[in-house]
$ cat model10.cif   # mmCIF, C-alpha atoms
data_my_file
loop_
_atom_site.label_atom_id
_atom_site.label_comp_id
_atom_site.auth_asym_id
_atom_site.auth_seq_id
_atom_site.Cartn_x
_atom_site.Cartn_y
_atom_site.Cartn_z
CA MET A 215 0.00 0.00 0.00
CA GLN A 216 1.66 3.19 -1.19
CA LYS A 217 -0.14 5.43 1.31
CA LEU A 218 1.79 3.93 4.24
CA LYS A 219 5.41 4.34 5.33
CA ASN A 220 7.63 4.35 8.43
CA ILE A 221 5.68 1.66 10.27
CA THR A 222 6.95 0.90 13.78
CA ARG A 223 5.49 -1.58 16.25
CA THR A 224 5.79 -1.46 20.04
CA THR A 225 4.59 -4.37 22.20
CA LEU A 226 2.53 -2.99 25.08
CA SER A 227 1.42 -6.34 26.51
CA ASN A 228 2.07 -9.97 25.67
CA ASP A 229 -0.01 -11.86 28.21
CA TRP A 230 -3.21 -13.68 27.17
CA ALA A 231 -2.89 -12.02 23.77
CA THR A 232 -0.63 -9.35 22.29
CA LEU A 233 -1.34 -5.63 22.40
CA HIS A 234 0.74 -3.53 20.01
CA ARG A 235 0.95 0.19 19.39
CA ILE A 236 1.60 0.73 15.71
CA ASP A 237 2.89 4.13 14.62
CA TYR A 238 2.88 4.96 10.92
CA ASP A 239 2.80 7.71 8.35
CA TYR A 240 -0.40 7.78 6.29
CA GLN A 241 -1.02 9.87 3.19
CA PHE A 242 -4.49 11.44 3.05
CA GLU A 243 -6.42 12.22 -0.14
CA ASP A 244 -5.17 15.82 -0.14
CA GLY A 245 -1.58 14.48 -0.35
CA GLU A 246 -0.66 15.40 3.23
CA TRP A 247 1.31 12.84 5.24
CA ARG A 248 0.37 12.54 8.92
CA ARG A 249 1.92 10.46 11.69
CA LEU A 250 -0.77 8.23 13.24
CA SER A 251 -0.81 5.79 16.13
CA ARG A 252 -3.20 2.88 16.70
CA GLU A 253 -3.36 0.02 19.17
CA THR A 254 -4.10 -3.46 17.86
CA TYR A 255 -5.04 -6.46 19.94
CA ASN A 256 -3.99 -9.83 18.50
CA ARG A 257 -5.51 -12.90 20.08
CA GLY A 258 -5.48 -15.00 16.93
CA ASN A 259 -8.43 -16.05 14.81
CA GLY A 260 -11.55 -17.94 15.80
CA SER A 261 -14.39 -20.13 14.60
CA GLY A 262 -18.07 -19.98 15.47
CA ILE A 263 -21.02 -22.16 14.54
CA LEU A 264 -24.78 -22.04 14.50
CA LEU A 265 -26.15 -25.49 15.26
CA TYR A 266 -29.71 -25.88 14.03
CA ASN A 267 -32.38 -28.57 13.98
CA THR A 268 -34.85 -28.29 11.11
CA LYS A 269 -37.37 -30.80 12.54
CA LYS A 270 -37.67 -28.99 15.88
CA SER A 271 -36.94 -25.48 14.46
CA THR A 272 -34.37 -24.98 17.23
CA VAL A 273 -30.81 -23.71 17.60
CA ILE A 274 -28.10 -24.38 20.16
CA LEU A 275 -26.56 -21.30 21.79
CA THR A 276 -24.35 -20.75 24.82
CA LYS A 277 -24.52 -18.38 27.76
CA GLN A 278 -21.36 -17.34 29.55
CA PHE A 279 -19.78 -14.52 31.50
CA ARG A 280 -17.75 -11.99 29.49
CA MET A 281 -15.61 -9.65 31.61
CA PRO A 282 -14.97 -7.03 28.88
CA VAL A 283 -18.73 -6.58 28.40
CA TYR A 284 -19.37 -6.57 32.15
CA ASP A 285 -16.64 -3.98 32.60
CA VAL A 286 -18.49 -1.47 30.39
CA ASN A 287 -22.07 -2.54 31.23
CA LYS A 288 -22.77 -4.61 34.35
CA ASN A 289 -26.22 -5.62 33.03
CA GLU A 290 -24.79 -7.27 29.90
CA GLY A 291 -22.00 -9.41 31.39
CA MET A 292 -23.76 -12.70 30.64
CA SER A 293 -23.54 -13.12 26.88
CA ILE A 294 -25.69 -15.39 24.71
CA GLU A 295 -23.60 -16.59 21.77
CA VAL A 296 -23.10 -19.31 19.21
CA CYS A 297 -20.55 -21.95 20.14
CA ALA A 298 -17.10 -20.56 19.29
CA GLY A 299 -13.44 -20.87 20.07
CA ALA A 300 -9.94 -19.68 19.29
CA ILE A 301 -8.03 -21.41 16.51
CA ASP A 302 -4.80 -22.77 17.92
CA ASN A 303 -2.18 -25.47 17.33
CA ASN A 304 -2.30 -24.75 13.58
CA ASP A 305 -5.76 -26.34 13.42
CA SER A 306 -8.07 -25.42 10.58
CA PRO A 307 -11.14 -23.31 11.35
CA LYS A 308 -13.35 -26.36 10.67
CA ALA A 309 -11.35 -28.72 12.92
CA THR A 310 -11.45 -26.08 15.64
CA ILE A 311 -15.22 -25.68 15.55
CA ILE A 312 -15.91 -29.42 15.43
CA ARG A 313 -13.80 -29.80 18.61
CA GLU A 314 -15.41 -26.77 20.28
CA VAL A 315 -18.93 -28.08 19.65
CA GLU A 316 -18.24 -31.22 21.65
CA GLU A 317 -16.41 -29.35 24.45
CA GLU A 318 -18.85 -26.45 24.82
CA VAL A 319 -22.28 -27.84 23.98
CA GLY A 320 -21.82 -31.62 24.12
CA TYR A 321 -22.74 -32.55 20.54
CA ARG A 322 -20.50 -34.60 18.26
CA ILE A 323 -20.70 -33.37 14.68
CA SER A 324 -18.63 -34.76 11.82
CA ASP A 325 -18.87 -31.83 9.44
CA ALA A 326 -19.75 -28.15 9.22
CA THR A 327 -20.25 -25.71 6.35
CA GLN A 328 -18.41 -22.41 6.38
CA VAL A 329 -20.82 -19.64 5.33
CA LEU A 330 -19.05 -16.41 6.34
CA SER A 331 -15.77 -14.97 7.52
CA ALA A 332 -15.40 -11.53 9.03
CA TYR A 333 -13.18 -9.30 11.11
CA THR A 334 -15.20 -8.67 14.25
CA SER A 335 -13.83 -5.24 15.07
CA PRO A 336 -11.26 -4.23 12.43
CA GLY A 337 -10.47 -0.90 14.07
CA ALA A 338 -8.84 -2.60 17.06
CA LEU A 339 -8.78 -6.41 16.78
CA THR A 340 -6.79 -8.55 14.37
CA GLU A 341 -9.19 -11.48 14.93
CA LYS A 342 -10.93 -12.93 11.91
CA MET A 343 -13.89 -15.19 12.66
CA TYR A 344 -14.72 -18.16 10.42
CA LEU A 345 -18.44 -18.82 10.76
CA PHE A 346 -20.11 -22.17 10.16
CA ILE A 347 -23.49 -23.84 10.27
CA ALA A 348 -24.34 -27.50 10.91
CA GLU A 349 -27.50 -29.43 11.55
CA TYR A 350 -27.74 -31.33 14.81
CA THR A 351 -30.08 -34.05 16.05
CA ASP A 352 -30.74 -35.25 19.57
CA ASP A 353 -28.79 -38.47 18.99
CA MET A 354 -25.60 -36.43 18.42
CA LYS A 355 -25.57 -35.43 22.10
CA VAL A 356 -22.59 -37.17 23.74
CA ASN A 357 -22.12 -35.14 26.94
CA GLU A 358 -23.51 -32.17 28.84
CA GLY A 359 -21.04 -29.66 27.39
CA GLY A 360 -20.21 -26.64 29.50
CA GLY A 361 -16.63 -26.15 28.34
CA LEU A 362 -13.31 -27.29 29.72
CA GLU A 363 -12.40 -26.77 33.35
CA ILE A 364 -8.72 -26.36 32.41
CA GLU A 365 -9.77 -23.39 30.25
CA ASN A 366 -11.85 -21.97 33.12
CA GLU A 367 -15.01 -22.22 31.04
CA ASP A 368 -18.44 -22.14 32.68
CA ILE A 369 -20.87 -22.40 29.77
CA GLU A 370 -24.62 -22.86 29.95
CA VAL A 371 -26.03 -24.69 26.93
CA LEU A 372 -29.28 -23.27 25.54
CA GLU A 373 -31.59 -25.01 23.08
CA LEU A 374 -34.01 -22.36 21.84
CA PRO A 375 -36.71 -22.11 19.20
CA PHE A 376 -35.20 -20.32 16.21
CA SER A 377 -38.02 -17.76 16.32
CA LYS A 378 -37.15 -16.94 19.95
CA ALA A 379 -33.46 -16.47 19.05
CA ILE A 380 -34.44 -14.01 16.31
CA GLU A 381 -36.68 -12.18 18.79
CA MET A 382 -33.76 -12.04 21.25
CA VAL A 383 -31.69 -10.26 18.59
CA LYS A 384 -34.49 -7.74 18.04
CA ASN A 385 -34.88 -6.99 21.76
CA GLU A 386 -31.09 -6.92 22.33
CA GLU A 387 -30.85 -9.96 24.58
CA ILE A 388 -28.37 -11.28 22.00
CA ILE A 389 -25.72 -8.61 21.36
CA ASP A 390 -22.79 -10.69 20.13
CA ALA A 391 -21.86 -9.85 16.52
CA LYS A 392 -20.95 -13.37 15.32
CA THR A 393 -24.18 -14.73 16.75
CA ILE A 394 -26.28 -12.03 15.12
CA MET A 395 -24.56 -12.62 11.78
CA LEU A 396 -25.18 -16.37 11.88
CA LEU A 397 -28.79 -16.07 13.03
CA GLN A 398 -29.50 -13.53 10.30
CA TYR A 399 -27.72 -15.74 7.75
CA ALA A 400 -30.02 -18.60 8.75
CA GLN A 401 -33.06 -16.33 8.59
CA ILE A 402 -32.20 -14.85 5.18
CA ASN A 403 -31.40 -18.25 3.70
CA LYS A 404 -34.38 -19.96 5.38
CA ILE A 405 -32.13 -22.61 6.94
CA VAL A 406 -34.31 -23.29 10.00
#
$ encode --input "model10.cif" --output "structure tokens"
Amino acid sequence: MQKLKNITRTTLSNDWATLHRIDYDYQFEDGEWRRLSRETYNRGNGSGILLYNTKKSTVILTKQFRMPVYDVNKNEGMSIEVCAGAIDNNDSPKATIIREVEEEVGYRISDATQVLSAYTSPGALTEKMYLFIAEYTDDMKVNEGGGLEIENEDIEVLELPFSKAIEMVKNEEIIDAKTIMLLQYAQINKIV
């Protein structure tokens, strides 16, 4: 990109993820170069999935505590979301989500279809989410889910009518972007 030069990166934190300050010169449309500074948070990429059952017209969602949300709004700390997880160990997005489904919600699926990919907050996060759908049936349930204790997960598994999940988006009970995207994808494409 010819509008960028003199890029420097300073690591501000390298704990659970990496926080960088990136300083750079950027050329605006009027030709003027300005020195800018932005912070970027890199926690890797992730996968999310909407599990749906066409016979029952239901979806599987999760409910869990999210400190960043709680920190800015105490009333919204418990987040209702699709099953999701960080991609690690050089796994593929699909392998990641198949594993996460069993760990978080207790269903064993053998395949999933990627329908979207998106940067969740491109102004600050480097994370790209790979979003999938898969049909589930009751006989795919192999455990209670709830997440992994070693990952300090405490996940409530929710099986909801699809119509209720859409209503929860409308009344802002569901405020997670990846979940909204997948529910709207399912609605637009008449999946459930």
$ closest_residue --input "model10.cif" --among "A:Glu387, A:Asp237, A:Asp285, A:Glu373" --to "Leu264 in chain A" --atoms "all atoms listed in the file"
A:Glu373
$ residues_around --input "model10.cif" --residues "range 347-353 of chain A" --least-positions-apart "2" --cutoff "12 Å" --atoms "all atoms listed in the file" --output "compact mmCIF listing (two decimals) with C-alpha atoms, in the coordinates of the input"
# COMPACT_ATOMS: atom_id res chain seq x y z
CA SER A 261 -14.39 -20.13 14.60
CA GLY A 262 -18.07 -19.98 15.47
CA ILE A 263 -21.02 -22.16 14.54
CA LEU A 264 -24.78 -22.04 14.50
CA LEU A 265 -26.15 -25.49 15.26
CA TYR A 266 -29.71 -25.88 14.03
CA ASN A 267 -32.38 -28.57 13.98
CA THR A 268 -34.85 -28.29 11.11
CA LYS A 269 -37.37 -30.80 12.54
CA LYS A 270 -37.67 -28.99 15.88
CA SER A 271 -36.94 -25.48 14.46
CA THR A 272 -34.37 -24.98 17.23
CA VAL A 273 -30.81 -23.71 17.60
CA ILE A 274 -28.10 -24.38 20.16
CA VAL A 296 -23.10 -19.31 19.21
CA CYS A 297 -20.55 -21.95 20.14
CA ALA A 298 -17.10 -20.56 19.29
CA LYS A 308 -13.35 -26.36 10.67
CA ILE A 311 -15.22 -25.68 15.55
CA ILE A 312 -15.91 -29.42 15.43
CA VAL A 315 -18.93 -28.08 19.65
CA GLU A 316 -18.24 -31.22 21.65
CA VAL A 319 -22.28 -27.84 23.98
CA GLY A 320 -21.82 -31.62 24.12
CA TYR A 321 -22.74 -32.55 20.54
CA ARG A 322 -20.50 -34.60 18.26
CA ILE A 323 -20.70 -33.37 14.68
CA SER A 324 -18.63 -34.76 11.82
CA ASP A 325 -18.87 -31.83 9.44
CA ALA A 326 -19.75 -28.15 9.22
CA THR A 327 -20.25 -25.71 6.35
CA GLN A 328 -18.41 -22.41 6.38
CA VAL A 329 -20.82 -19.64 5.33
CA LEU A 330 -19.05 -16.41 6.34
CA TYR A 344 -14.72 -18.16 10.42
CA LEU A 345 -18.44 -18.82 10.76
CA LYS A 355 -25.57 -35.43 22.10
CA VAL A 356 -22.59 -37.17 23.74
CA ASN A 357 -22.12 -35.14 26.94
CA GLU A 373 -31.59 -25.01 23.08
CA LYS A 392 -20.95 -13.37 15.32
CA THR A 393 -24.18 -14.73 16.75
CA MET A 395 -24.56 -12.62 11.78
CA LEU A 396 -25.18 -16.37 11.88
CA LEU A 397 -28.79 -16.07 13.03
CA GLN A 398 -29.50 -13.53 10.30
CA TYR A 399 -27.72 -15.74 7.75
CA ALA A 400 -30.02 -18.60 8.75
CA ASN A 403 -31.40 -18.25 3.70
CA ILE A 405 -32.13 -22.61 6.94
CA VAL A 406 -34.31 -23.29 10.00
$ closest_atom_pairs --input "model10.cif" --of "range 265-345 of chain A" --to "range 221-232 of chain A" --cutoff "12 Å" --atoms "all atoms listed in the file" --output "tab-separated table"
residue	atom	partner	partner_atom	distance
A:Ala300	CA	A:Ala231	CA	11.3
A:Ala338	CA	A:Thr232	CA	11.8
A:Leu339	CA	A:Thr232	CA	10.3
A:Thr340	CA	A:Thr232	CA	10.1
A:Glu341	CA	A:Ala231	CA	10.9
$ atom_distance --input "model10.cif" --atom1 "CA of Tyr255 in chain A" --atom2 "CA of Glu243 in chain A"
27.5 Å
$ atom_distance --input "model10.cif" --atom1 "CA of Ser331 in chain A" --atom2 "CA of Thr310 in chain A"
14.4 Å
$ atom_distance --input "model10.cif" --atom1 "CA of Pro336 in chain A" --atom2 "CA of Gly260 in chain A"
14.1 Å
$ resolve_selection --input "model10.cif" --expression "the PyMOL selection byres ((chain A and resi 219) around 8)" --output "short mmCIF file (atom, residue, chain, number, x, y, z; two decimals) with C-alpha atoms, in the coordinates of the input"
data_model
loop_
_atom_site.label_atom_id
_atom_site.label_comp_id
_atom_site.auth_asym_id
_atom_site.auth_seq_id
_atom_site.Cartn_x
_atom_site.Cartn_y
_atom_site.Cartn_z
CA GLN A 216 1.66 3.19 -1.19
CA LYS A 217 -0.14 5.43 1.31
CA LEU A 218 1.79 3.93 4.24
CA ASN A 220 7.63 4.35 8.43
CA ILE A 221 5.68 1.66 10.27
CA TYR A 238 2.88 4.96 10.92
CA ASP A 239 2.80 7.71 8.35
CA TYR A 240 -0.40 7.78 6.29
#
$ axis_aligned_box --input "model10.cif" --around "range 329-345 of chain A" --padding-each-side "5 Å" --output "AutoDock Vina command-line options"
--center_x -13.8 --center_y -10.3 --center_z 11.2 --size_x 24.0 --size_y 28.7 --size_z 21.7
$ closest_residue --input "model10.cif" --among "A:Leu275, A:Ile394, A:Met343, A:Ile388" --to "Leu374 in chain A" --atoms "all atoms listed in the file"
A:Leu275
$ residues_near_point --input "model10.cif" --point "(-32.4, -12.3, 24.8)" --cutoff "12 Å" --atoms "only C-alpha atoms" --output "ChimeraX atom specification"
/A:275-277,290,292-295,372,374,377-390,393-394
$ closest_residue --input "model10.cif" --among "A:Gly359, A:Glu365, A:Arg235, A:Glu370" --to "Glu318 in chain A" --atoms "all atoms listed in the file"
A:Gly359
$ closest_residue --input "model10.cif" --among "A:His234, A:Glu367, A:Pro375, A:Lys288" --to "Arg252 in chain A" --atoms "only C-alpha atoms"
A:His234
$ closest_residue --input "model10.cif" --among "A:Phe376, A:Phe346, A:Phe279, A:Tyr333" --to "Asn256 in chain A" --atoms "only C-alpha atoms"
A:Tyr333
$ closest_residue --input "model10.cif" --among "A:Asn259, A:Glu246, A:Glu253, A:Thr334" --to "Asp305 in chain A" --atoms "all atoms listed in the file"
A:Asn259
